[in-house]
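The next block is entry_21.txt, given as compact mmCIF, C-alpha atoms.
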# COMPACT_ATOMS: atom_id res chain seq x y z
CA MET K 1 78.58 86.61 36.67
CA THR K 2 79.97 89.35 34.40
CA THR K 3 82.77 88.40 32.01
CA ILE K 4 85.55 90.86 31.15
CA ALA K 5 87.44 89.91 27.98
CA THR K 6 91.01 91.21 27.92
CA PRO K 7 92.27 91.72 24.34
CA GLY K 8 95.55 90.25 23.15
CA PHE K 9 97.75 93.34 23.29
CA LEU K 10 96.58 94.24 26.78
CA THR K 11 97.08 90.62 27.88
CA PHE K 12 100.63 90.71 26.54
CA THR K 13 101.31 94.00 28.35
CA ILE K 14 99.86 92.73 31.62
CA SER K 15 101.96 89.56 31.40
CA ILE K 16 105.14 91.67 31.23
CA MET K 17 103.99 93.63 34.27
CA VAL K 18 103.25 90.34 36.03
CA TYR K 19 106.80 89.15 35.31
CA PHE K 20 108.32 92.33 36.77
CA GLY K 21 106.06 92.00 39.79
CA GLY K 22 107.38 88.48 40.34
CA ALA K 23 110.97 89.67 39.87
CA GLY K 24 110.40 92.34 42.51
CA LEU K 25 108.97 89.84 44.98
CA ASN K 26 111.85 87.42 44.35
CA TYR K 27 114.27 90.26 45.07
CA LEU K 28 112.51 91.17 48.32
CA ILE K 29 111.84 87.61 49.55
CA ALA K 30 115.13 85.71 49.86
CA PRO K 31 113.66 82.17 50.03
CA LEU K 32 112.13 82.61 46.57
CA ARG K 33 115.60 83.34 45.16
CA ARG K 34 117.28 80.68 47.24
CA TRP K 35 114.92 77.97 46.02
CA ASN K 36 115.11 79.11 42.38
CA ILE K 37 111.41 79.87 41.96
CA PRO K 38 111.08 81.47 38.47
CA GLU K 39 110.08 85.14 38.52
CA ALA K 40 107.22 84.43 36.11
CA VAL K 41 105.87 81.78 38.47
CA THR K 42 105.88 84.15 41.44
CA GLY K 43 104.17 86.94 39.53
CA GLY K 44 101.79 84.62 37.68
CA LEU K 45 100.53 82.96 40.85
CA ILE K 46 99.98 86.35 42.54
CA ALA K 47 98.04 87.54 39.47
CA ALA K 48 95.96 84.33 39.44
CA LEU K 49 95.11 84.87 43.11
CA ALA K 50 94.12 88.46 42.29
CA THR K 51 91.73 87.33 39.55
CA LEU K 52 90.33 84.75 41.98
CA ALA K 53 89.67 87.51 44.55
CA ILE K 54 87.98 89.66 41.88
CA HIS K 55 85.85 86.68 40.86
CA GLU K 56 84.78 85.88 44.41
CA LYS K 57 84.31 89.42 45.76
CA LEU K 58 83.09 91.38 42.74
CA GLY K 59 81.47 88.66 40.63
CA LEU K 60 83.71 89.42 37.64
CA GLU K 61 85.33 86.72 35.50
CA ILE K 62 88.43 87.95 33.70
CA VAL K 63 89.19 86.08 30.48
CA PHE K 64 92.52 86.72 28.79
CA ASP K 65 93.17 86.50 25.04
CA LEU K 66 96.08 84.04 24.84
CA ASN K 67 96.77 83.99 21.10
CA ALA K 68 100.22 85.56 21.55
CA ARG K 69 101.17 82.80 23.99
CA ASP K 70 101.33 80.14 21.26
CA MET K 71 103.80 82.19 19.19
CA LEU K 72 106.03 82.72 22.21
CA LEU K 73 106.10 78.95 22.76
CA LEU K 74 107.22 78.42 19.17
CA TYR K 75 110.02 80.97 19.54
CA PHE K 76 111.24 79.33 22.72
CA PHE K 77 111.38 75.74 21.49
CA THR K 78 112.77 76.75 18.11
CA GLY K 79 115.54 78.52 20.02
CA ILE K 80 116.28 75.30 21.88
CA GLY K 81 116.57 73.52 18.55
CA LEU K 82 118.98 76.13 17.17
CA ASN K 83 121.23 75.51 20.17
CA ALA K 84 121.27 71.73 19.65
CA LYS K 85 124.71 70.69 18.46
CA LEU K 86 125.14 67.26 16.87
CA ALA K 87 127.66 66.28 19.55
CA ASP K 88 125.09 67.04 22.26
CA LEU K 89 122.47 64.98 20.45
CA ILE K 90 124.82 62.01 20.11
CA ALA K 91 125.77 62.30 23.78
CA GLY K 92 122.08 62.49 24.65
CA GLY K 93 121.18 59.21 22.95
CA ARG K 94 121.46 56.94 25.98
CA PRO K 95 120.21 59.54 28.51
CA LEU K 96 117.21 60.14 26.23
CA LEU K 97 116.30 56.46 26.35
CA VAL K 98 116.85 56.31 30.11
CA LEU K 99 114.66 59.36 30.72
CA LEU K 100 112.00 57.96 28.41
CA GLY K 101 112.04 54.64 30.26
CA ILE K 102 111.71 56.08 33.75
CA THR K 103 109.02 58.51 32.54
CA LEU K 104 106.98 55.65 31.09
CA ILE K 105 107.29 53.79 34.38
CA TYR K 106 106.11 56.88 36.24
CA LEU K 107 103.14 57.25 33.89
CA VAL K 108 101.95 53.80 34.98
CA LEU K 109 102.71 54.59 38.64
CA GLN K 110 100.77 57.86 38.47
CA ASN K 111 97.67 56.11 37.17
CA LEU K 112 97.98 53.38 39.79
CA ILE K 113 98.05 56.06 42.49
CA ALA K 114 94.99 57.68 40.91
CA ALA K 115 93.09 54.38 40.74
CA THR K 116 93.95 53.47 44.33
CA SER K 117 93.02 56.92 45.61
CA ALA K 118 89.73 56.90 43.72
CA ALA K 119 88.82 53.53 45.22
CA ALA K 120 89.86 54.51 48.74
CA LEU K 121 87.93 57.80 48.64
CA HIS K 122 84.91 56.27 46.86
CA LEU K 123 85.16 58.75 44.00
CA PRO K 124 82.91 58.43 40.92
CA LYS K 125 83.75 55.94 38.19
CA GLY K 126 85.80 57.37 35.35
CA ILE K 127 87.62 59.89 37.51
CA THR K 128 90.87 57.87 37.58
CA ALA K 129 92.28 59.29 34.35
CA LEU K 130 91.30 62.83 35.38
CA ILE K 131 93.29 62.66 38.62
CA GLY K 132 96.06 60.71 36.89
CA SER K 133 98.03 61.09 33.70
CA ALA K 134 95.28 62.74 31.61
CA SER K 135 95.44 65.92 33.69
CA LEU K 136 98.88 65.74 35.28
CA ILE K 137 101.33 64.37 32.72
CA GLY K 138 98.89 65.36 29.96
CA GLY K 139 98.00 68.85 31.19
CA HIS K 140 95.00 71.02 30.33
CA GLY K 141 94.91 70.13 26.63
CA THR K 142 94.80 66.38 27.19
CA ALA K 143 92.25 66.67 30.01
CA ILE K 144 89.95 68.81 27.88
CA ALA K 145 90.35 66.53 24.87
CA TRP K 146 89.41 63.38 26.80
CA ALA K 147 86.68 64.86 29.02
CA PRO K 148 83.81 64.28 26.51
CA ALA K 149 84.78 60.62 26.09
CA ILE K 150 84.91 60.12 29.85
CA THR K 151 81.51 61.81 30.26
CA ALA K 152 80.00 59.60 27.56
CA ARG K 153 81.56 56.40 28.92
CA PHE K 154 80.94 56.86 32.64
CA GLY K 155 78.17 59.46 32.80
CA LEU K 156 80.41 61.89 34.67
CA PRO K 157 78.84 65.29 33.89
CA ASN K 158 81.60 67.47 35.38
CA ALA K 159 84.52 65.59 33.83
CA MET K 160 85.75 68.76 32.11
CA GLU K 161 85.74 70.77 35.34
CA ILE K 162 87.51 68.02 37.30
CA GLY K 163 90.17 67.60 34.62
CA VAL K 164 90.82 71.34 34.33
CA ALA K 165 90.92 71.72 38.12
CA ALA K 166 93.41 68.86 38.53
CA ALA K 167 95.59 70.20 35.71
CA THR K 168 95.50 73.71 37.18
CA LEU K 169 96.47 72.59 40.65
CA GLY K 170 99.15 70.32 39.20
CA LEU K 171 100.59 73.21 37.20
CA VAL K 172 100.84 75.35 40.33
CA ILE K 173 102.56 72.58 42.27
CA ALA K 174 104.93 71.75 39.40
CA SER K 175 106.03 75.37 39.24
CA LEU K 176 106.98 75.29 42.91
CA VAL K 177 108.65 71.92 43.49
CA GLY K 178 111.22 71.68 40.67
CA GLY K 179 113.59 74.41 41.81
CA PRO K 180 113.77 73.38 45.48
CA VAL K 181 114.37 69.73 44.58
CA ALA K 182 117.19 70.61 42.17
CA ARG K 183 118.77 73.02 44.63
CA PHE K 184 118.71 70.33 47.32
CA LEU K 185 120.40 67.85 44.98
CA ILE K 186 123.02 70.36 43.85
CA SER K 187 123.82 71.41 47.39
CA ARG K 188 123.84 67.91 48.88
CA ASN K 189 126.02 66.45 46.12
CA LYS K 190 128.23 69.55 45.74
CA LEU K 191 127.46 69.87 42.02
CA SER K 192 128.01 72.81 39.70
CA GLY K 193 127.48 73.68 36.07
CA PRO K 194 130.23 74.36 33.49
CA LEU K 195 132.17 77.57 33.95
CA ASP K 196 132.19 80.28 31.24
CA SER K 197 129.81 78.32 29.01
CA PRO K 198 127.98 80.23 26.25
CA PRO K 199 124.43 81.18 27.20
CA MET K 200 121.55 79.00 26.03
CA ILE K 201 118.67 80.63 27.87
CA GLY K 202 118.83 83.95 29.71
CA LEU K 203 121.76 86.24 30.38
CA ALA K 204 123.76 86.70 33.53
CA ASP K 205 122.79 89.74 35.55
CA GLU K 206 126.33 90.98 35.90
CA GLY K 207 129.93 90.65 34.83
CA ARG K 208 129.74 90.43 31.02
CA LYS K 209 129.96 93.13 28.38
CA ASP K 210 126.67 93.60 26.57
CA ASP K 211 127.44 92.75 22.94
CA ILE K 212 123.80 92.61 21.77
CA ASN K 213 122.85 94.94 18.91
CA HIS K 214 119.93 95.45 16.56
CA VAL K 215 121.61 93.58 13.68
CA GLY K 216 122.24 90.50 15.80
CA LEU K 217 118.67 90.52 17.13
CA LEU K 218 117.16 90.88 13.66
CA GLN K 219 119.36 88.09 12.28
CA THR K 220 118.28 85.85 15.15
CA ILE K 221 114.58 86.62 14.66
CA LEU K 222 114.92 85.95 10.92
CA VAL K 223 116.48 82.53 11.50
CA LEU K 224 113.85 81.72 14.12
CA ASN K 225 111.05 82.69 11.75
CA VAL K 226 112.48 80.60 8.89
CA ALA K 227 112.81 77.60 11.19
CA ILE K 228 109.23 78.06 12.41
CA LEU K 229 107.91 78.27 8.84
CA ILE K 230 109.73 75.05 7.95
CA GLY K 231 108.44 73.45 11.16
CA ALA K 232 104.88 74.46 10.31
CA GLY K 233 105.23 72.79 6.90
CA LEU K 234 106.67 69.68 8.53
CA HIS K 235 103.83 69.65 11.03
CA GLU K 236 101.19 69.76 8.28
CA ALA K 237 102.93 66.94 6.41
CA LEU K 238 103.07 64.78 9.54
CA VAL K 239 99.39 65.44 10.34
CA GLU K 240 98.41 64.42 6.82
CA ALA K 241 100.48 61.25 7.29
CA GLY K 242 98.49 60.47 10.44
CA LEU K 243 101.15 61.45 13.02
CA LYS K 244 99.83 64.02 15.46
CA LEU K 245 102.35 65.93 17.54
CA PRO K 246 102.48 69.47 18.90
CA LEU K 247 103.52 72.20 16.47
CA PHE K 248 106.37 73.30 18.70
CA VAL K 249 107.92 69.82 18.47
CA ALA K 250 107.99 70.09 14.66
CA CYS K 251 109.62 73.52 14.98
CA LEU K 252 112.15 72.08 17.45
CA LEU K 253 113.05 69.31 15.00
CA SER K 254 113.35 71.69 12.04
CA ALA K 255 115.64 73.97 14.04
CA ILE K 256 117.83 71.02 15.04
CA ALA K 257 118.15 70.02 11.38
CA LEU K 258 118.99 73.56 10.27
CA THR K 259 121.56 74.28 12.97
CA ASN K 260 123.46 71.07 12.20
CA THR K 261 123.54 71.53 8.40
CA LEU K 262 123.52 75.14 7.18
CA PRO K 263 126.54 76.36 9.21
CA ARG K 264 128.55 73.42 7.86
CA PHE K 265 127.74 74.22 4.23
CA PHE K 266 127.90 78.00 4.68
CA PRO K 267 130.52 78.66 7.38
CA LYS K 268 130.42 82.45 6.85
CA LEU K 269 126.65 82.59 7.36
CA PRO K 270 125.80 84.48 10.58
CA TRP K 271 124.21 81.87 12.79
CA PRO K 272 122.60 82.57 16.18
CA SER K 273 123.38 79.25 17.87
CA ARG K 274 124.41 79.87 21.51
CA THR K 275 124.65 83.62 21.07
CA ARG K 276 123.52 86.19 23.60
CA SER K 277 120.86 87.40 21.17
CA LEU K 278 119.22 83.96 21.01
CA ALA K 279 119.55 83.51 24.77
CA LEU K 280 117.79 86.83 25.32
CA ILE K 281 114.91 86.05 22.93
CA SER K 282 114.48 82.55 24.40
CA ASP K 283 114.37 83.89 27.93
CA LEU K 284 111.92 86.64 27.01
CA SER K 285 109.64 84.18 25.22
CA LEU K 286 109.59 81.68 28.07
CA ASN K 287 109.04 84.23 30.83
CA VAL K 288 106.18 86.03 29.09
CA PHE K 289 104.64 82.68 28.07
CA LEU K 290 104.75 81.40 31.62
CA SER K 291 103.46 84.68 33.09
CA MET K 292 100.57 84.62 30.63
CA SER K 293 99.79 80.96 31.36
CA LEU K 294 99.76 81.27 35.13
CA MET K 295 97.96 84.61 35.40
CA SER K 296 95.15 83.24 33.20
CA MET K 297 94.48 80.23 35.44
CA GLN K 298 90.89 80.16 36.63
CA LEU K 299 91.50 79.08 40.19
CA TRP K 300 87.80 79.24 41.03
CA THR K 301 87.35 76.01 39.08
CA LEU K 302 89.03 74.30 42.03
CA GLY K 303 86.16 75.24 44.30
CA GLY K 304 83.32 72.86 45.04
CA LEU K 305 85.33 69.73 44.36
CA GLY K 306 85.89 69.08 48.03
CA PRO K 307 89.02 67.96 49.86
CA ALA K 308 89.25 64.73 47.86
CA LEU K 309 90.99 66.39 44.90
CA VAL K 310 93.46 68.16 47.18
CA ALA K 311 94.18 64.90 48.99
CA VAL K 312 94.85 63.02 45.74
CA LEU K 313 97.07 65.81 44.40
CA ALA K 314 99.00 65.82 47.68
CA ILE K 315 99.69 62.10 47.26
CA GLN K 316 100.67 62.60 43.63
CA THR K 317 103.03 65.42 44.64
CA ILE K 318 104.76 63.34 47.30
CA ALA K 319 105.15 60.49 44.82
CA ALA K 320 106.59 62.84 42.18
CA VAL K 321 109.13 64.40 44.55
CA LEU K 322 110.27 61.00 45.84
CA TYR K 323 110.59 59.75 42.27
CA MET K 324 112.68 62.80 41.32
CA LEU K 325 115.01 62.24 44.26
CA LEU K 326 115.25 58.45 44.34
CA VAL K 327 114.83 57.47 40.69
CA VAL K 328 115.32 60.31 38.20
CA PHE K 329 118.50 61.79 39.69
CA PRO K 330 120.31 58.45 40.19
CA ALA K 331 119.15 57.03 36.85
CA MET K 332 120.40 60.10 34.98
CA GLY K 333 123.87 59.77 36.50
CA ARG K 334 123.89 61.90 39.69
CA THR K 335 125.52 64.75 37.75
CA TYR K 336 124.68 68.44 37.54
CA GLU K 337 122.66 67.79 34.38
CA ALA K 338 120.82 65.03 36.26
CA ALA K 339 119.80 67.57 38.91
CA VAL K 340 118.56 69.95 36.21
CA ILE K 341 116.57 67.12 34.60
CA ALA K 342 115.11 66.27 38.01
CA ALA K 343 113.84 69.85 38.24
CA GLY K 344 112.28 69.48 34.82
CA PHE K 345 110.69 66.17 35.75
CA GLY K 346 108.49 68.07 38.18
CA GLY K 347 106.96 69.74 35.15
CA ILE K 348 106.60 66.45 33.27
CA SER K 349 104.93 64.65 36.15
CA LEU K 350 102.63 67.37 37.48
CA GLY K 351 102.46 70.28 35.07
CA ALA K 352 103.44 70.78 31.47
CA THR K 353 106.51 70.94 29.25
CA PRO K 354 106.89 74.76 29.48
CA THR K 355 106.74 74.47 33.27
CA ALA K 356 109.47 71.83 33.15
CA ILE K 357 111.62 74.10 30.99
CA ALA K 358 110.98 77.06 33.30
CA ASN K 359 112.13 75.01 36.29
CA MET K 360 115.30 73.98 34.46
CA THR K 361 115.92 77.51 33.23
CA ALA K 362 115.84 78.90 36.77
CA ILE K 363 118.49 76.36 37.78
CA ALA K 364 120.64 76.89 34.67
CA LYS K 365 120.64 80.66 35.09
CA ALA K 366 121.79 80.28 38.69
CA HIS K 367 124.27 77.40 38.37
CA GLY K 368 125.33 77.01 34.73
CA ALA K 369 124.27 75.66 31.34
CA ALA K 370 122.85 72.17 30.89
CA PRO K 371 122.58 71.70 27.10
CA MET K 372 121.73 68.00 27.07
CA ALA K 373 118.88 68.46 29.55
CA PHE K 374 117.23 71.09 27.37
CA ILE K 375 117.32 68.78 24.35
CA ILE K 376 116.21 65.42 25.71
CA LEU K 377 113.53 66.51 28.18
CA PRO K 378 111.29 68.33 25.63
CA LEU K 379 111.56 65.39 23.23
CA VAL K 380 110.45 63.00 25.97
CA SER K 381 107.74 65.16 27.55
CA ALA K 382 106.25 66.68 24.41
CA PHE K 383 106.52 63.86 21.93
CA PHE K 384 107.22 60.30 23.06
CA ILE K 385 105.29 60.44 26.31
CA ASP K 386 102.20 61.92 24.63
CA ILE K 387 101.87 58.80 22.52
CA ALA K 388 102.18 56.51 25.55
CA ASN K 389 99.80 58.68 27.58
CA ALA K 390 97.14 58.45 24.90
CA ALA K 391 97.35 54.67 25.05
CA ALA K 392 97.18 54.70 28.87
CA ILE K 393 94.13 56.97 28.92
CA ALA K 394 92.40 54.87 26.28
CA PHE K 395 92.95 51.81 28.50
CA LEU K 396 91.42 53.59 31.52
CA VAL K 397 88.42 54.81 29.52
CA ARG K 398 87.77 51.53 27.70

This entry written out as structure tokens:
Amino acid sequence: MTTIATPGFLTFTISIMVYFGGAGLNYLIAPLRRWNIPEAVTGGLIAALATLAIHEKLGLEIVFDLNARDMLLLYFFTGIGLNAKLADLIAGGRPLLVLLGITLIYLVLQNLIAATSAAALHLPKGITALIGSASLIGGHGTAIAWAPAITARFGLPNAMEIGVAAATLGLVIASLVGGPVARFLISRNKLSGPLDSPPMIGLADEGRKDDINHVGLLQTILVLNVAILIGAGLHEALVEAGLKLPLFVACLLSAIALTNTLPRFFPKLPWPSRTRSLALISDLSLNVFLSMSLMSMQLWTLGGLGPALVAVLAIQTIAAVLYMLLVVFPAMGRTYEAAVIAAGFGGISLGATPTAIANMTAIAKAHGAAPMAFIILPLVSAFFIDIANAAAIAFLVR
């Protein structure tokens, strides 16, 4: 097997091309638009299938340099924080607790499904966490982090491959189910987003005068960079204090603090909160991040694991969709924001936080802003639930 390493700049360029390819397919194939499948998901999956074909037919393994992806993630979540008004945070207090509660319940349910499936299919010991919350709610990072411990505890030599394969398949499924579920809920319950609301992520394709200029973009990037620098310092302080959380969560929190203090003390200070410049940068960052993530998936890792993994993931998918429809949407109030959160829950339960945000973004761009959803869901999926998931995995691996 020959490995081709794609350098960072070329990877970044290809990811933009992948996005435009997905946008073109969404334009040509009406069901993709109708079911709010993100353009980056369409293009990224096609690119991943292309690398799979190259791997299988030509014996070439393409490895992408993904260093730029981490910076794009920081820009995106910092932008969410800059849009977080204090009133939205206060209003999100109870919904945040509700979403956290039902997500914790689902974490337990997901692992019960994994344990039952493993027993029914006579799968090796120790595989439960890898086909449960370690790979699905946890994603690639959590699966990779826990794989050595699972190998040492249960003697499962291919724990890493199983975890990565489950996380990869879950990511693909999560990218596809969120939009259709939300569209079904919006259509069935005759819901709609707020009219003429300022943009939070993405810009409308038509109807509004383009008021973006180089000064506004530079001011926005400067504020984003300052917030990221403060978030990086906060992250280091928290790590030294023994509290481990993703860097983008620290940047999100620093941006929330800045956007609810500085404009109050300096009302004449140009601030990018809910401007078209910030919406544009946030949308760009998310789309290129997602394109890069999906096109770099090594789908050949799914091979050789047999139909058992596919069967378990099918059960987990059905459970996730039913939970979104019957639990998440009613518990969050049966409102438009509840439908957007249900779309995001697909990412929480099967994929990753960026996938959840991409699902919600596709709905918000089509039907209207959902500010509370974009604040509470990242806090639940990228912070609180990680702590609970670590405890659940430790229990399974004990």

>> At a cut-off of 12 Å, using only C-alpha atoms, what residues contact Gly333 (chain K)? Leave out same-chain residues fewer than 4 positions from it and give the result as a list of chain:residue names.
In response: K:Arg94, K:Pro95, K:Val98, K:Leu99, K:Asn189, K:Leu326, K:Val327, K:Val328, K:Phe329, K:Glu337, K:Ala338, K:Ala339, K:Val340, K:Ile341, K:Ala342

Output as a tab-separated table one row per residue of region 295-377 of chain K within 9 Å of region 47-66 of chain K: the closest atom pair and its distance in Å to one decimal place, counting all atoms listed in the file, sorted by chain and residue number ascending.
residue	atom	partner	partner_atom	distance
K:Met295	CA	K:Ala48	CA	4.5
K:Ser296	CA	K:Phe64	CA	6.2
K:Met297	CA	K:Ala48	CA	5.9
K:Gln298	CA	K:Leu52	CA	7.1
K:Leu299	CA	K:Leu52	CA	6.1
K:Trp300	CA	K:Leu52	CA	6.1

>> Applying 10 Å and only C-alpha atoms, which residues near region 141-145 of chain K remain after dropping the ones on its own chain fewer than 3 positions away? List them as a count of residues only.
In response: 27

> In Å, with one decimal, what is the gap from CA of Leu72 (chain K) to CA of Ser282 (chain K)?
Replying inline: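 Going from CA of Leu72 (chain K) over to CA of Ser282 (chain K) covers 8.7 Å.
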
Is it possible to get the axis-aligned box enclosing region 368-372 of chain K (all listed atoms, 8 Å extra per side) as JSON, with centre and edge lengths in Å rounded to one decimal?
{"center_x": 123.5, "center_y": 72.5, "center_z": 30.9, "size_x": 19.6, "size_y": 25.0, "size_z": 23.7}

>> Calculated over all atoms listed in the file, which of the candidates K:Pro38, K:Gly93, K:Pro263, K:Gly344 has the smallest distance to Ala366 (chain K)?
In response: K:Pro38

>> Considering only C-alpha atoms, can you say which of K:Thr151, K:Ser117, K:Asn83, K:Ser254 comes closest to Arg276 (chain K)?
In response: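 Among K:Thr151, K:Ser117, K:Asn83, K:Ser254, it is K:Asn83 that comes nearest to Arg276 (chain K).
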
> Once you count only C-alpha atoms, which residues end up no further than 12 Å from (121.4, 72.5, 38.6) in the file's frame, shown as a PyMOL selection string?
Replying inline: chain K and resi 35-36+178-194+329+334-344+359-371+373

Hey, what's within 12 Å of Ser175 (chain K) if we count all atoms listed in the file and toss same-chain stuff fewer than 5 positions away? As a PDB file with C-alpha atoms, in the coordinates of the input, please?
ATOM      1  CA  LEU K  32     112.130  82.610  46.570  1.00  0.00           C
ATOM      2  CA  TRP K  35     114.920  77.970  46.020  1.00  0.00           C
ATOM      3  CA  ASN K  36     115.110  79.110  42.380  1.00  0.00           C
ATOM      4  CA  ILE K  37     111.410  79.870  41.960  1.00  0.00           C
ATOM      5  CA  PRO K  38     111.080  81.470  38.470  1.00  0.00           C
ATOM      6  CA  GLU K  39     110.080  85.140  38.520  1.00  0.00           C
ATOM      7  CA  ALA K  40     107.220  84.430  36.110  1.00  0.00           C
ATOM      8  CA  VAL K  41     105.870  81.780  38.470  1.00  0.00           C
ATOM      9  CA  THR K  42     105.880  84.150  41.440  1.00  0.00           C
ATOM     10  CA  GLY K  43     104.170  86.940  39.530  1.00  0.00           C
ATOM     11  CA  GLY K  44     101.790  84.620  37.680  1.00  0.00           C
ATOM     12  CA  LEU K  45     100.530  82.960  40.850  1.00  0.00           C
ATOM     13  CA  THR K 168      95.500  73.710  37.180  1.00  0.00           C
ATOM     14  CA  LEU K 169      96.470  72.590  40.650  1.00  0.00           C
ATOM     15  CA  GLY K 170      99.150  70.320  39.200  1.00  0.00           C
ATOM     16  CA  PRO K 180     113.770  73.380  45.480  1.00  0.00           C
ATOM     17  CA  VAL K 181     114.370  69.730  44.580  1.00  0.00           C
ATOM     18  CA  LEU K 290     104.750  81.400  31.620  1.00  0.00           C
ATOM     19  CA  SER K 291     103.460  84.680  33.090  1.00  0.00           C
ATOM     20  CA  SER K 293      99.790  80.960  31.360  1.00  0.00           C
ATOM     21  CA  LEU K 294      99.760  81.270  35.130  1.00  0.00           C
ATOM     22  CA  THR K 317     103.030  65.420  44.640  1.00  0.00           C
ATOM     23  CA  ALA K 343     113.840  69.850  38.240  1.00  0.00           C
ATOM     24  CA  GLY K 344     112.280  69.480  34.820  1.00  0.00           C
ATOM     25  CA  PHE K 345     110.690  66.170  35.750  1.00  0.00           C
ATOM     26  CA  GLY K 346     108.490  68.070  38.180  1.00  0.00           C
ATOM     27  CA  GLY K 347     106.960  69.740  35.150  1.00  0.00           C
ATOM     28  CA  ILE K 348     106.600  66.450  33.270  1.00  0.00           C
ATOM     29  CA  SER K 349     104.930  64.650  36.150  1.00  0.00           C
ATOM     30  CA  LEU K 350     102.630  67.370  37.480  1.00  0.00           C
ATOM     31  CA  GLY K 351     102.460  70.280  35.070  1.00  0.00           C
ATOM     32  CA  ALA K 352     103.440  70.780  31.470  1.00  0.00           C
ATOM     33  CA  THR K 353     106.510  70.940  29.250  1.00  0.00           C
ATOM     34  CA  PRO K 354     106.890  74.760  29.480  1.00  0.00           C
ATOM     35  CA  THR K 355     106.740  74.470  33.270  1.00  0.00           C
ATOM     36  CA  ALA K 356     109.470  71.830  33.150  1.00  0.00           C
ATOM     37  CA  ILE K 357     111.620  74.100  30.990  1.00  0.00           C
ATOM     38  CA  ALA K 358     110.980  77.060  33.300  1.00  0.00           C
ATOM     39  CA  ASN K 359     112.130  75.010  36.290  1.00  0.00           C
ATOM     40  CA  MET K 360     115.300  73.980  34.460  1.00  0.00           C
ATOM     41  CA  THR K 361     115.920  77.510  33.230  1.00  0.00           C
ATOM     42  CA  ALA K 362     115.840  78.900  36.770  1.00  0.00           C
TER      43      ALA K 362
END
